[in-house]
$ cat query_3.cif   # mmCIF, C-alpha atoms
data_protein
#
loop_
_atom_site.label_atom_id
_atom_site.label_comp_id
_atom_site.auth_asym_id
_atom_site.auth_seq_id
_atom_site.Cartn_x
_atom_site.Cartn_y
_atom_site.Cartn_z
CA MET W 1 -32.91 53.34 -6.00
CA LEU W 2 -34.77 53.12 -9.30
CA ASN W 3 -32.46 55.76 -10.79
CA LYS W 4 -29.34 53.77 -9.89
CA LEU W 5 -30.88 50.59 -11.29
CA TYR W 6 -31.73 52.28 -14.57
CA ILE W 7 -28.26 53.80 -14.98
CA ALA W 8 -26.46 50.54 -14.20
CA ILE W 9 -28.55 48.36 -16.50
CA SER W 10 -28.70 50.83 -19.39
CA THR W 11 -24.91 51.27 -19.32
CA TRP W 12 -24.36 47.53 -19.23
CA ILE W 13 -26.75 46.93 -22.13
CA LYS W 14 -25.01 49.52 -24.29
CA MET W 15 -21.59 47.99 -23.59
CA CYS W 16 -22.73 44.45 -24.35
CA LEU W 17 -24.99 45.02 -27.33
CA ALA W 18 -23.30 47.82 -29.23
CA PRO W 19 -21.30 45.35 -31.40
CA CYS W 20 -24.35 43.14 -32.09
CA SER W 21 -26.14 44.04 -35.29
CA VAL W 22 -29.07 41.74 -34.53
CA HIS W 23 -29.86 42.79 -30.95
CA GLY W 24 -28.17 46.17 -30.77
CA LYS W 25 -31.17 48.30 -31.82
CA ARG W 26 -33.51 46.69 -29.31
CA GLY W 27 -30.75 46.84 -26.71
CA PHE W 28 -30.61 50.62 -27.01
CA GLU W 29 -34.41 50.97 -27.07
CA ILE W 30 -34.86 49.28 -23.70
CA PRO W 31 -32.81 51.73 -21.59
CA ILE W 32 -34.29 54.72 -23.46
CA LEU W 33 -37.87 53.59 -22.81
CA TRP W 34 -36.93 52.57 -19.29
CA GLY W 35 -35.59 56.04 -18.62
CA CYS W 36 -38.75 57.70 -19.91
CA CYS W 37 -40.94 55.53 -17.69
CA TRP W 38 -38.70 56.10 -14.70
CA GLN W 39 -38.74 59.89 -15.17
CA LEU W 40 -42.52 59.83 -15.47
CA ALA W 41 -42.83 57.91 -12.20
CA GLU W 42 -40.27 60.06 -10.37
CA GLN W 43 -41.98 63.28 -11.45
CA GLN W 44 -45.01 62.20 -9.47
CA LYS W 45 -43.67 63.17 -6.03
CA GLY W 46 -40.89 60.60 -6.36
CA VAL W 47 -43.23 57.65 -5.88
CA GLY W 48 -40.99 55.34 -7.88
CA MET W 49 -41.97 51.66 -8.02
CA ASN W 50 -42.94 50.93 -4.42
CA GLU W 51 -44.47 54.03 -2.84
CA PRO W 52 -48.19 53.60 -2.01
CA LEU W 53 -50.72 55.24 -4.31
CA VAL W 54 -53.45 55.53 -1.67
CA ASP W 55 -53.62 57.69 1.43
CA ILE W 56 -54.00 56.48 4.98
CA GLU W 57 -57.75 56.24 4.52
CA GLY W 58 -57.41 54.04 1.46
CA TYR W 59 -58.36 56.62 -1.15
CA PRO W 60 -56.27 57.37 -4.27
CA ARG W 61 -53.69 60.01 -3.52
CA ALA W 62 -54.64 63.47 -4.74
CA ASP W 63 -51.06 64.75 -5.02
CA VAL W 64 -50.03 62.35 -7.81
CA ASP W 65 -51.44 61.21 -11.12
CA VAL W 66 -52.23 57.65 -10.12
CA TYR W 67 -52.99 56.57 -13.67
CA GLN W 68 -49.66 57.80 -15.01
CA VAL W 69 -47.73 56.16 -12.18
CA ARG W 70 -49.47 52.82 -12.68
CA THR W 71 -48.90 53.00 -16.43
CA ALA W 72 -45.20 53.81 -15.89
CA ARG W 73 -44.82 50.95 -13.41
CA HIS W 74 -46.51 48.55 -15.81
CA ASN W 75 -44.22 49.61 -18.66
CA ILE W 76 -41.13 49.24 -16.48
CA ILE W 77 -42.13 45.69 -15.54
CA CYS W 78 -42.70 44.86 -19.23
CA LEU W 79 -39.31 46.30 -20.10
CA GLN W 80 -37.72 44.20 -17.37
CA ASN W 81 -39.22 41.10 -18.99
CA ASP W 82 -38.04 42.27 -22.42
CA HIS W 83 -34.57 42.77 -20.97
CA LYS W 84 -34.48 39.23 -19.59
CA ALA W 85 -35.56 37.78 -22.95
CA LEU W 86 -32.99 39.86 -24.79
CA MET W 87 -30.19 38.78 -22.47
CA LYS W 88 -31.16 35.15 -23.08
CA GLN W 89 -30.87 35.73 -26.84
CA VAL W 90 -27.47 37.38 -26.39
CA GLU W 91 -26.29 34.48 -24.19
CA ASP W 92 -27.36 31.96 -26.85
CA ALA W 93 -25.61 34.00 -29.55
CA LEU W 94 -22.39 34.11 -27.51
CA HIS W 95 -22.51 30.33 -27.00
CA GLN W 96 -22.93 29.83 -30.76
CA LEU W 97 -20.08 32.22 -31.47
CA HIS W 98 -17.81 30.37 -29.04
CA ALA W 99 -18.74 27.02 -30.62
CA ARG W 100 -17.98 28.33 -34.11
CA GLY W 101 -14.63 29.61 -32.87
CA LYS W 102 -13.70 26.18 -31.51
CA GLU W 103 -14.75 24.51 -34.77
CA LYS W 104 -12.65 26.95 -36.78
CA GLN W 105 -9.67 26.37 -34.51
CA ALA W 106 -10.00 22.60 -34.99
CA ARG W 107 -10.26 23.01 -38.78
CA ASP W 108 -7.21 25.29 -38.85
CA ALA W 109 -5.21 22.79 -36.79
CA ALA W 110 -6.22 19.94 -39.11
CA GLU W 111 -5.33 21.97 -42.19
CA ALA W 112 -1.95 22.91 -40.69
CA GLN W 113 -1.21 19.27 -39.89
CA ASN W 114 -2.20 18.16 -43.38
CA GLU W 115 -0.03 20.86 -44.89
CA ALA W 116 2.92 19.83 -42.73
CA LEU W 117 2.48 16.20 -43.70
CA SER W 118 2.16 17.15 -47.35
CA GLN W 119 5.33 19.22 -47.25
CA GLY W 120 7.24 16.60 -45.28
CA GLN W 121 6.15 13.50 -47.18
CA GLY W 122 5.17 14.59 -50.65
CA PRO W 123 2.17 13.27 -52.65
CA SER W 124 0.58 10.02 -51.54
CA GLN W 125 1.32 8.37 -54.87
CA SER W 126 4.99 9.17 -54.47
CA LEU W 127 4.89 7.76 -50.94
CA SER W 128 3.48 4.46 -52.11
CA GLN W 129 6.25 4.15 -54.70
CA ASN W 130 9.06 5.52 -52.53
CA PRO W 131 8.11 5.13 -48.84
CA PRO W 132 10.01 7.42 -46.42
CA ARG W 133 13.35 6.03 -45.36
CA PRO W 134 14.41 5.73 -41.70
CA PHE W 135 16.81 8.37 -40.46
CA ALA W 136 17.60 7.26 -36.88
CA LYS W 137 17.79 4.18 -34.73
CA VAL W 138 16.98 3.27 -31.11
CA ASN W 139 20.05 1.70 -29.50
CA SER W 140 18.93 1.55 -25.84
CA ILE W 141 15.71 1.77 -23.78
CA SER W 142 15.33 1.99 -20.00
CA PRO W 143 12.76 -0.35 -18.42
CA GLY W 144 9.62 1.44 -17.22
CA SER W 145 10.40 4.53 -19.28
CA PRO W 146 7.90 6.38 -21.51
CA ALA W 147 9.69 4.92 -24.56
CA SER W 148 9.36 1.39 -23.19
CA ASN W 149 5.69 1.91 -22.31
CA SER W 150 4.96 3.10 -25.85
CA GLY W 151 6.17 -0.19 -27.32
CA LEU W 152 9.44 1.17 -28.71
CA GLN W 153 12.18 -1.45 -28.91
CA VAL W 154 15.94 -1.50 -29.32
CA ASP W 155 17.02 -1.55 -32.99
CA ASP W 156 13.75 0.06 -34.15
CA GLU W 157 14.53 2.31 -37.10
CA ILE W 158 12.69 5.62 -36.90
CA VAL W 159 10.88 6.74 -40.06
CA GLU W 160 8.89 9.56 -38.49
CA PHE W 161 9.16 11.15 -35.07
CA GLY W 162 6.33 13.68 -34.74
CA SER W 163 7.00 16.21 -37.51
CA VAL W 164 10.58 15.00 -38.07
CA ASN W 165 11.29 12.74 -41.04
CA VAL W 166 14.12 11.94 -43.44
CA HIS W 167 13.41 15.07 -45.51
CA ASN W 168 13.87 17.59 -42.68
CA PHE W 169 16.10 15.70 -40.23
CA GLN W 170 19.45 17.42 -39.72
CA ASN W 171 20.63 16.24 -36.31
CA LEU W 172 19.35 14.83 -33.04
CA GLN W 173 18.51 18.33 -31.84
CA ASN W 174 15.50 18.18 -34.18
CA ILE W 175 14.09 15.29 -32.17
CA GLY W 176 15.02 16.97 -28.88
CA THR W 177 13.08 20.10 -29.85
CA VAL W 178 9.98 18.08 -30.72
CA VAL W 179 10.20 16.21 -27.42
CA GLN W 180 10.53 19.40 -25.35
CA HIS W 181 7.56 21.03 -27.09
CA SER W 182 5.40 17.90 -26.74
CA GLU W 183 5.81 17.16 -23.03
CA GLY W 184 2.61 15.53 -21.79
CA HIS W 185 1.18 15.18 -25.31
CA PRO W 186 1.20 12.08 -27.53
CA LEU W 187 3.61 11.94 -30.47
CA ASN W 188 3.09 9.75 -33.53
CA VAL W 189 6.21 7.69 -34.11
CA THR W 190 6.63 5.45 -37.15
CA VAL W 191 9.30 2.76 -37.02
CA LEU W 192 10.61 -0.11 -39.11
CA ARG W 193 11.02 -3.31 -37.11
CA ARG W 194 12.42 -6.31 -38.95
CA GLY W 195 11.01 -4.96 -42.21
CA GLU W 196 7.56 -4.23 -40.75
CA ARG W 197 6.27 -0.65 -40.56
CA LEU W 198 4.66 0.16 -37.16
CA GLN W 199 2.81 3.18 -35.79
CA LEU W 200 3.42 3.99 -32.10
CA ARG W 201 2.16 6.70 -29.76
CA LEU W 202 4.86 8.08 -27.48
CA VAL W 203 4.08 10.55 -24.67
CA PRO W 204 7.15 12.44 -23.41
CA ILE W 205 6.75 12.81 -19.63
CA ARG W 206 8.90 13.12 -16.56
CA TRP W 207 9.54 9.80 -14.89
CA ALA W 208 11.94 8.27 -12.36
CA GLY W 209 14.83 8.22 -14.83
CA LYS W 210 16.55 10.87 -16.91
CA GLY W 211 14.95 12.87 -19.69
CA LEU W 212 11.42 12.65 -21.00
CA LEU W 213 11.78 9.47 -23.08
CA GLY W 214 14.15 7.07 -21.34
CA CYS W 215 15.80 5.91 -24.53
CA ASN W 216 18.83 6.69 -26.64
CA ILE W 217 18.53 7.50 -30.33
CA ILE W 218 21.40 7.71 -32.79
CA PRO W 219 21.47 8.92 -36.42
CA LEU W 220 21.24 6.14 -38.97
CA GLN W 221 24.28 5.92 -41.20
CA ARG W 222 23.56 4.87 -44.77
#
$ encode --input "query_3.cif" --output "structure tokens"
Amino acid sequence: MLNKLYIAISTWIKMCLAPCSVHGKRGFEIPILWGCCWQLAEQQKGVGMNEPLVDIEGYPRADVDVYQVRTARHNIICLQNDHKALMKQVEDALHQLHARGKEKQARDAAEAQNEALSQGQGPSQSLSQNPPRPFAKVNSISPGSPASNSGLQVDDEIVEFGSVNVHNFQNLQNIGTVVQHSEGHPLNVTVLRRGERLQLRLVPIRWAGKGLLGCNIIPLQR
């Protein structure tokens, strides 16, 4: 039983800790020392961890080295405690690694969004002097639709629809692609309404009517 336990744990430790520069050395030391202690205990008539060290009359057994067996058992117990502490350190390190990965992913997403906005809109100074022009117009909205619930109104002129703006708009398929890829996720939509610039959040979802928006958009002819 002790042999199987040693083999299983030592193999697992090597697999988990081999890539870790901080804990790897100690991770390899534990199974090596564990194996030495186990062999020492097993050499004493196979007493292992639980066999009695006294005879039926209560005297120390004469067929084993009681001192060596007790020392080996003590060392194995200490190594078990070391193993538990080491696994706790590895668990904490994995949690930190996962947290750093999520932070990096969030930073990368923010940088990608900023880059897309920069490429689509140009420098902020240029925007203030020449604000983006509308490229499409809403000419109908179904009651109770996602478009209606977002606050979109008929005759709203669309300045930005997600990543689509006047600089990259080619046809209505551009908007359709954004809608399909954003199902269930909010889209930032900027519109001009009677000369006022408004920011809306539109979530394309399936509803009782057709499509994911429930509105009709047409290109704006200038």
$ closest_residue --input "query_3.cif" --among "W:Pro132, W:Pro52, W:Gly151, W:Gly58" --to "Cys215 (chain W)" --atoms "all atoms listed in the file"
W:Gly151
$ residues_near_point --input "query_3.cif" --point "(18.0, 8.6, -25.1)" --cutoff "9 Å" --atoms "only C-alpha atoms" --output "ChimeraX atom specification"
/W:138-142,210-218
$ write_last_selection --input "query_3.cif" --atoms "C-alpha atoms" --output "short mmCIF file (atom, residue, chain, number, x, y, z; two decimals), keeping the file's coordinate frame"
data_model
loop_
_atom_site.label_atom_id
_atom_site.label_comp_id
_atom_site.auth_asym_id
_atom_site.auth_seq_id
_atom_site.Cartn_x
_atom_site.Cartn_y
_atom_site.Cartn_z
CA VAL W 138 16.98 3.27 -31.11
CA ASN W 139 20.05 1.70 -29.50
CA SER W 140 18.93 1.55 -25.84
CA ILE W 141 15.71 1.77 -23.78
CA SER W 142 15.33 1.99 -20.00
CA LYS W 210 16.55 10.87 -16.91
CA GLY W 211 14.95 12.87 -19.69
CA LEU W 212 11.42 12.65 -21.00
CA LEU W 213 11.78 9.47 -23.08
CA GLY W 214 14.15 7.07 -21.34
CA CYS W 215 15.80 5.91 -24.53
CA ASN W 216 18.83 6.69 -26.64
CA ILE W 217 18.53 7.50 -30.33
CA ILE W 218 21.40 7.71 -32.79
#
$ atom_distance --input "query_3.cif" --atom1 "CA of Ser150 (chain W)" --atom2 "CA of His167 (chain W)"
24.5 Å
$ atom_distance --input "query_3.cif" --atom1 "CA of Arg206 (chain W)" --atom2 "CA of Asn149 (chain W)"
13.0 Å
$ resolve_selection --input "query_3.cif" --expression "the PyMOL selection byres ((chain W and resi 202) around 12)" --output "ChimeraX atom specification"
/W:145-152,160-162,178-179,182-191,199-201,203-205,212-215
